[in-house]
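S.K.: The structure file start-v1.tsv (TSV, C-alpha atoms) is provided below.
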```tsv
chain	number	residue	atom	x	y	z
A	16	MET	CA	0.00	0.00	0.00
A	17	SER	CA	1.49	3.35	-1.02
A	18	ARG	CA	1.96	6.45	1.06
A	19	VAL	CA	-0.76	9.12	0.85
A	20	PRO	CA	0.36	11.73	-1.72
A	21	LEU	CA	0.75	15.31	-0.49
A	22	PHE	CA	-2.39	16.30	-2.39
A	23	PHE	CA	-4.48	13.78	-0.45
A	24	ALA	CA	-2.72	14.67	2.80
A	25	PHE	CA	-3.74	18.29	2.29
A	26	LEU	CA	-7.38	17.31	1.91
A	27	LEU	CA	-7.25	14.98	4.89
A	28	LEU	CA	-5.78	17.60	7.19
A	29	ASN	CA	-7.81	20.43	5.77
A	30	GLY	CA	-11.15	18.64	5.89
A	31	CYS	CA	-12.14	20.93	3.03
A	32	ALA	CA	-10.46	23.91	1.45
A	33	VAL	CA	-12.68	26.99	1.49
A	34	TRP	CA	-11.89	30.60	0.82
A	35	GLN	CA	-13.44	34.00	1.34
A	36	SER	CA	-12.71	37.45	-0.07
A	37	GLN	CA	-12.07	40.41	2.24
A	38	GLY	CA	-14.79	43.07	2.07
A	39	GLY	CA	-14.88	46.69	3.23
A	40	ILE	CA	-16.52	47.72	6.51
A	41	ASN	CA	-18.35	50.98	7.17
A	42	SER	CA	-18.77	52.00	10.78
A	43	SER	CA	-22.27	52.38	12.24
A	44	ASP	CA	-23.73	52.36	15.74
A	45	GLN	CA	-27.20	51.30	14.59
A	46	VAL	CA	-26.57	47.57	15.10
A	47	ALA	CA	-27.31	45.58	18.26
A	48	GLU	CA	-24.63	44.94	20.90
A	49	GLY	CA	-22.16	42.07	20.52
A	50	ALA	CA	-21.65	38.86	22.49
A	51	THR	CA	-18.86	36.54	23.62
A	52	TRP	CA	-19.15	32.75	23.33
A	53	GLN	CA	-17.23	29.95	25.00
A	54	VAL	CA	-17.04	27.12	22.45
A	55	ASP	CA	-15.91	23.56	23.11
A	56	VAL	CA	-16.01	21.11	20.20
A	57	VAL	CA	-14.43	17.81	19.18
A	58	GLY	CA	-14.18	16.87	15.50
A	59	GLY	CA	-13.58	13.29	14.38
A	60	PHE	CA	-12.49	12.80	10.75
A	61	SER	CA	-12.72	9.55	8.78
A	62	THR	CA	-11.66	9.51	5.13
A	63	GLU	CA	-12.18	6.99	2.33
A	64	ILE	CA	-10.37	7.16	-1.02
A	65	VAL	CA	-11.87	5.19	-3.92
A	66	GLY	CA	-9.83	4.42	-7.01
A	67	ARG	CA	-6.37	4.61	-5.40
A	68	ASP	CA	-4.36	2.19	-3.27
A	69	VAL	CA	-3.47	4.62	-0.49
A	70	ALA	CA	-3.62	4.51	3.29
A	71	THR	CA	-5.75	6.91	5.32
A	72	ILE	CA	-5.69	7.62	9.04
A	73	ASP	CA	-8.72	8.57	11.14
A	74	THR	CA	-8.02	11.70	13.19
A	75	GLN	CA	-9.59	13.70	16.01
A	76	VAL	CA	-9.14	17.35	16.99
A	77	ALA	CA	-10.47	19.16	20.07
A	78	LEU	CA	-10.92	22.93	19.87
A	79	VAL	CA	-11.71	25.22	22.83
A	80	GLY	CA	-11.84	29.00	22.96
A	81	GLU	CA	-13.80	32.25	22.98
A	82	LEU	CA	-15.56	33.60	19.89
A	83	ARG	CA	-16.45	37.30	20.08
A	84	GLU	CA	-19.21	38.86	17.92
A	85	SER	CA	-19.05	42.63	17.40
A	86	PRO	CA	-21.37	44.77	15.22
A	87	ARG	CA	-19.65	46.63	12.38
A	88	SER	CA	-22.25	48.17	10.07
A	89	LEU	CA	-25.87	48.31	8.95
A	90	ARG	CA	-26.17	48.22	5.16
A	91	ALA	CA	-28.71	49.89	2.91
A	92	ASP	CA	-30.49	46.56	2.36
A	93	GLU	CA	-30.95	46.33	6.18
A	94	THR	CA	-28.47	43.48	6.54
A	95	GLU	CA	-25.96	43.63	9.41
A	96	THR	CA	-22.22	43.09	9.15
A	97	TRP	CA	-20.54	41.50	12.18
A	98	LEU	CA	-16.91	40.86	13.09
A	99	LEU	CA	-16.20	37.44	14.63
A	100	GLU	CA	-12.89	37.27	16.53
A	101	TYR	CA	-11.17	34.07	17.68
A	102	ARG	CA	-9.92	34.76	21.22
A	103	GLU	CA	-7.73	32.47	23.36
A	104	PHE	CA	-8.18	29.30	21.30
A	105	PHE	CA	-6.52	25.98	22.12
A	106	GLN	CA	-6.46	22.74	20.13
A	107	GLY	CA	-5.15	19.18	20.42
A	108	GLU	CA	-5.98	15.52	19.96
A	109	ASP	CA	-8.31	15.66	22.96
A	110	ARG	CA	-9.40	18.09	25.68
A	111	ASP	CA	-6.65	16.84	28.04
A	112	ASN	CA	-3.84	17.69	25.59
A	113	LEU	CA	-4.45	21.21	24.34
A	114	ALA	CA	-1.92	23.73	23.10
A	115	PRO	CA	-2.33	27.34	21.90
A	116	SER	CA	-4.00	27.48	18.49
A	117	ASP	CA	-3.02	29.69	15.56
A	118	LEU	CA	-6.69	30.67	15.36
A	119	THR	CA	-6.16	33.02	18.31
A	120	GLY	CA	-6.21	36.65	17.25
A	121	ARG	CA	-7.78	36.01	13.85
A	122	ALA	CA	-11.17	37.23	12.64
A	123	ILE	CA	-13.74	37.12	9.85
A	124	THR	CA	-16.87	39.09	8.96
A	125	ILE	CA	-20.37	37.75	8.40
A	126	ARG	CA	-23.47	39.38	6.90
A	127	ARG	CA	-27.05	38.54	7.89
A	128	PHE	CA	-30.48	40.01	8.46
A	129	PRO	CA	-31.11	40.72	12.19
A	130	GLY	CA	-31.57	37.44	14.03
A	131	GLU	CA	-31.51	35.41	10.81
A	132	GLN	CA	-29.21	32.99	8.99
A	133	VAL	CA	-25.73	33.83	7.78
A	134	LEU	CA	-25.88	35.15	4.20
A	135	GLU	CA	-22.19	35.72	3.53
A	136	ILE	CA	-18.81	35.05	5.17
A	137	GLU	CA	-15.82	37.19	4.22
A	138	GLY	CA	-12.13	37.56	5.01
A	139	GLY	CA	-11.25	34.03	6.07
A	140	GLU	CA	-8.27	33.07	3.91
A	141	HIS	CA	-5.92	33.77	6.81
A	142	LEU	CA	-7.77	31.24	9.00
A	143	ILE	CA	-6.69	28.18	7.03
A	144	GLY	CA	-3.02	28.97	6.47
A	145	PHE	CA	-2.99	28.19	2.75
A	146	ASP	CA	0.12	29.28	0.86
A	147	VAL	CA	1.50	28.91	-2.65
A	148	ASP	CA	3.63	26.10	-1.26
A	149	VAL	CA	1.22	23.25	-0.43
A	150	GLU	CA	3.79	21.74	1.95
A	151	GLN	CA	3.59	24.91	4.01
A	152	ALA	CA	-0.20	24.77	3.85
A	153	VAL	CA	-0.12	21.38	5.57
A	154	ASP	CA	2.39	22.52	8.20
A	155	ARG	CA	0.47	25.72	8.95
A	156	GLN	CA	-3.04	24.26	8.98
A	157	ARG	CA	-5.19	26.27	11.39
A	158	LEU	CA	-8.40	24.23	11.11
A	159	GLY	CA	-10.50	27.37	10.51
A	160	ASP	CA	-12.29	25.81	7.57
A	161	VAL	CA	-12.75	22.42	9.19
A	162	PHE	CA	-14.55	24.11	12.07
A	163	ASP	CA	-16.51	26.50	9.86
A	164	LEU	CA	-19.68	25.16	11.48
A	165	LEU	CA	-18.85	27.20	14.61
A	166	LEU	CA	-20.19	30.19	12.68
A	167	ALA	CA	-23.54	28.44	12.37
A	168	ILE	CA	-23.45	27.15	15.96
A	169	VAL	CA	-23.49	30.69	17.39
A	170	ASN	CA	-25.96	31.84	14.70
A	171	PRO	CA	-28.55	29.04	14.45
A	172	ALA	CA	-31.41	31.49	13.74
A	173	ALA	CA	-34.01	29.53	15.68
A	174	PRO	CA	-37.63	30.41	14.80
A	175	ALA	CA	-40.09	31.90	17.27
A	176	LEU	CA	-42.33	29.02	18.43
A	177	ASN	CA	-45.20	28.57	20.83
A	178	PRO	CA	-45.10	25.70	23.37
A	179	GLU	CA	-45.23	22.28	21.66
A	180	GLU	CA	-45.09	23.93	18.22
A	181	VAL	CA	-42.75	22.56	15.52
A	182	ARG	CA	-41.46	24.27	12.37
A	183	LEU	CA	-39.01	23.64	9.55
A	184	LYS	CA	-36.26	26.26	9.22
A	185	MET	CA	-32.79	26.16	7.70
A	186	ILE	CA	-29.39	26.82	9.30
A	187	ARG	CA	-26.92	27.95	6.62
A	188	TRP	CA	-23.30	29.12	6.42
A	189	PRO	CA	-21.88	29.80	2.92
A	190	PHE	CA	-18.18	30.29	2.14
A	191	SER	CA	-17.10	31.59	-1.27
A	192	ALA	CA	-14.17	33.32	-2.99
A	193	GLU	CA	-12.94	34.71	-6.26
A	194	ARG	CA	-10.50	31.85	-6.80
A	195	GLY	CA	-13.17	29.29	-7.62
A	196	ARG	CA	-13.10	27.78	-4.14
A	197	ASN	CA	-16.31	27.68	-2.17
A	198	LEU	CA	-18.44	25.53	0.08
A	199	ARG	CA	-22.09	26.11	0.91
A	200	SER	CA	-23.53	23.99	3.72
A	201	TYR	CA	-27.18	23.89	4.80
A	202	ALA	CA	-28.89	22.16	7.71
A	203	ASN	CA	-32.59	21.82	6.88
A	204	VAL	CA	-33.94	21.05	10.35
A	205	THR	CA	-37.26	20.77	12.16
A	206	TRP	CA	-37.40	22.88	15.32
A	207	ALA	CA	-39.53	22.05	18.35
A	208	HIS	CA	-40.39	24.14	21.43
A	209	GLU	CA	-39.61	21.79	24.33
A	210	ALA	CA	-40.00	23.80	27.54
A	211	SER	CA	-39.55	27.10	29.38
A	212	GLU	CA	-36.99	26.90	32.19
A	213	GLU	CA	-35.82	29.73	34.48
A	214	GLY	CA	-36.29	32.49	31.94
A	215	LEU	CA	-34.99	30.39	29.04
A	216	ILE	CA	-36.80	28.61	26.21
A	217	ARG	CA	-35.37	25.18	25.40
A	218	MET	CA	-35.71	24.15	21.76
A	219	SER	CA	-34.57	21.03	19.93
A	220	TYR	CA	-33.87	20.45	16.24
A	221	HIS	CA	-33.06	17.57	13.91
A	222	GLY	CA	-32.64	17.27	10.17
A	223	ASP	CA	-30.42	16.71	7.15
A	224	ILE	CA	-27.30	18.54	6.03
A	225	SER	CA	-26.80	19.23	2.32
A	226	GLY	CA	-24.77	21.52	0.10
A	227	GLN	CA	-22.18	21.81	-2.62
A	228	GLY	CA	-18.81	23.33	-3.35
A	229	ARG	CA	-16.02	23.78	-5.84
A	230	ASP	CA	-12.22	23.71	-5.54
A	231	SER	CA	-10.67	24.92	-8.80
A	232	ASN	CA	-7.13	24.34	-7.49
A	233	TRP	CA	-7.81	20.59	-7.47
A	234	ASN	CA	-10.34	20.55	-10.34
A	235	SER	CA	-12.92	19.07	-8.00
A	236	ASN	CA	-16.60	19.45	-7.19
A	237	ILE	CA	-17.82	18.81	-3.66
A	238	ASP	CA	-21.18	17.36	-2.62
A	239	VAL	CA	-22.27	17.71	1.01
A	240	SER	CA	-24.54	15.39	2.98
A	241	GLY	CA	-25.09	14.60	6.64
A	242	GLU	CA	-27.28	15.00	9.67
A	243	ALA	CA	-27.62	17.65	12.40
A	244	SER	CA	-29.27	17.56	15.81
A	245	GLY	CA	-29.04	19.61	18.98
A	246	GLU	CA	-30.67	21.74	21.65
A	247	VAL	CA	-30.70	25.54	21.86
A	248	TRP	CA	-31.56	27.74	24.84
A	249	LEU	CA	-33.06	31.18	24.07
A	250	ASP	CA	-33.60	34.16	26.34
A	251	GLU	CA	-37.35	34.19	27.00
A	252	VAL	CA	-37.54	37.99	26.68
A	253	THR	CA	-35.10	38.87	23.89
A	254	GLY	CA	-35.08	35.57	21.97
A	255	GLU	CA	-31.27	35.65	21.81
A	256	VAL	CA	-29.29	32.39	21.94
A	257	ARG	CA	-27.77	31.64	25.34
A	258	GLY	CA	-26.56	28.06	24.83
A	259	HIS	CA	-26.25	25.39	22.15
A	260	VAL	CA	-25.40	21.69	22.46
A	261	PHE	CA	-24.87	19.98	19.10
A	262	ASP	CA	-24.11	16.68	17.37
A	263	TRP	CA	-23.47	17.12	13.65
A	264	VAL	CA	-22.19	14.69	11.02
A	265	ARG	CA	-21.11	16.20	7.70
A	266	VAL	CA	-19.79	14.14	4.77
A	267	LEU	CA	-17.82	15.80	1.96
A	268	HIS	CA	-17.71	13.93	-1.36
A	269	TYR	CA	-14.96	15.09	-3.74
A	270	ARG	CA	-15.24	14.38	-7.51
A	271	PHE	CA	-12.30	15.26	-9.78
A	272	SER	CA	-12.66	16.29	-13.41
A	273	ASN	CA	-9.18	15.03	-14.31
A	274	SER	CA	-9.14	11.79	-12.29
A	275	ASP	CA	-11.33	8.77	-11.56
A	276	ALA	CA	-10.41	8.93	-7.87
A	277	ARG	CA	-13.08	9.83	-5.34
A	278	ILE	CA	-12.67	11.05	-1.78
A	279	SER	CA	-15.31	11.00	0.97
A	280	GLN	CA	-14.60	12.45	4.38
A	281	GLN	CA	-16.96	12.10	7.32
A	282	GLN	CA	-16.68	14.90	9.88
A	283	HIS	CA	-18.39	14.23	13.21
A	284	PHE	CA	-18.68	17.29	15.45
A	285	THR	CA	-19.94	17.26	19.05
A	286	GLY	CA	-19.78	20.02	21.62
A	287	GLU	CA	-21.39	23.12	23.01
A	288	ALA	CA	-21.40	26.91	22.80
A	289	GLN	CA	-22.18	28.95	25.92
A	290	TRP	CA	-23.01	32.66	25.95
A	291	LEU	CA	-20.71	34.50	28.37
A	292	GLU	CA	-21.75	38.16	28.07
```
Transcribe the structure of this file into structure tokens.
M.R.:
Amino acid sequence: MSRVPLFFAFLLLNGCAVWQSQGGINSSDQVAEGATWQVDVVGGFSTEIVGRDVATIDTQVALVGELRESPRSLRADETETWLLEYREFFQGEDRDNLAPSDLTGRAITIRRFPGEQVLEIEGGEHLIGFDVDVEQAVDRQRLGDVFDLLLAIVNPAAPALNPEEVRLKMIRWPFSAERGRNLRSYANVTWAHEASEEGLIRMSYHGDISGQGRDSNWNSNIDVSGEASGEVWLDEVTGEVRGHVFDWVRVLHYRFSNSDARISQQQHFTGEAQWLE
């Protein structure tokens, strides 16, 4: 059995290569106040390569840190632009063996309607450490794209429900860039109002993950499938998210226009996000 080529190693470590373009920000004080989140997530990655006699290794990465949301601008179309900063992040094979992460001090911007799903994510190339030299890309991997779902975890856009009511509503988080590299993931889930507890509304959700992407550097198309479930706690007065426990499985299927090889990677994420302030 042959050694995994560098190209495959890049995909295995990267989980998926996604890019965003940096956009301008106009200051405005018309947007709501920000929030800080404590996030704690473990990602397990299992990869299968069809059409090549190569070895793959299942991996696991734990990621813990603070994610800070700050309002930046209110656009003419009434969408909000927010800055998301990665503060004091640590990563390792498990929660007992964590070291400082290169994610610390980095940031991206997102655009959304107030209280709704993410419409656009910008400025994230520096999260994944990609360089012209692919060898350096592997060495400098920051896992920002693998854990792109954190942006949906703190912005699940839960619907307003009455007790015992259920409703279908999507969680979405699209990445895109000028270089022909993009990934758009969607969790089409059914929400249910479970209970009201000490000023909080507890809601559950469950449904399928879908999506698609393109990586022009590798001449590949990406199909997304999977399943998402979790519980969200909302402030009973403001409706803002105060906590989120999640269990998501996302599978990325790579198809190459210049090769008969196929790659499928299962990414299993479990963890929680807790509102701090």
S.K.: Considering only C-alpha atoms, can you say which of A:Leu176, A:Val54, A:Ile64, A:Ala114 comes closest to Leu164 (chain A)?
M.R.: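 For Leu164 (chain A), the nearest of the given residues is A:Val54.
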S.K.: Restricting the calculation to all atoms listed in the file, which member of A:Ala175, A:Ile224, A:Ile216, A:Ile186 is positioned closest to Trp248 (chain A)?
M.R.: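 Looking only at the distances to Trp248 (chain A), the closest residue turns out to be A:Ile216.
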S.K.: Pick from A:Val65, A:Leu118, A:Ala288, A:Val133: nearest to Arg257 (chain A), with all atoms listed in the file counted?
M.R.: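 Nearest to Arg257 (chain A): A:Ala288.
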S.K.: To one decimal in Å, tell me the separation between CA of Ile237 (chain A) and CA of Glu95 (chain A).
M.R.: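 CA of Glu95 (chain A) lies 29.2 Å from CA of Ile237 (chain A).
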S.K.: In Å, rounded to a single decimal, give me how far CA of Ala122 (chain A) is from CA of Arg110 (chain A).
M.R.: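 Computing the Euclidean distance for CA of Arg110 (chain A) and CA of Ala122 (chain A) yields 23.2 Å.
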S.K.: Please measure the separation of CA of Glu103 (chain A) and CA of Gly80 (chain A), giving the value in Å to one decimal.
M.R.: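 About the pair CA of Glu103 (chain A) and CA of Gly80 (chain A): they are 5.4 Å apart.
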S.K.: For Phe128 (chain A), list every protein, DNA or RNA residue within 7 Å, evaluated using only C-alpha atoms, and leave out those in the same chain fewer than 3 positions away; present the list as a list of chain:residue names.
M.R.: A:Glu93, A:Thr94, A:Glu95, A:Glu131
S.K.: Which one is closest to Ala202 (chain A): A:Arg67, A:His283, A:Arg265, A:Arg87? Count all atoms listed in the file.
M.R.: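 Using all atoms listed in the file, Ala202 (chain A) sits closest to A:Arg265.
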S.K.: Fewer than 2 positions away in the same chain doesn't count, so skip those; otherwise give me all residues within 8 Å of Gln75 (chain A), counting only C-alpha atoms, as a PyMOL selection string.
M.R.: chain A and resi 57-60+73+77+108-109
S.K.: Pick the closest to Leu166 (chain A) from A:Arg182, A:Gly49, A:Glu100, A:Ser231: which is it, counting all atoms listed in the file?
M.R.: A:Glu100
S.K.: From the list A:Ala91, A:Leu113, A:Leu99, A:Ala210, which residue is nearest Val76 (chain A) when using all atoms listed in the file?
M.R.: A:Leu113
S.K.: May I have the protein, DNA and RNA residues with an atom at most 10 Å from (-18.0, 29.8, 14.2), counting all atoms listed in the file in the file's coordinates, returned as a ChimeraX atom specification?
M.R.: /A:52,54,82-84,99-101,123,159-160,162-170,188,288
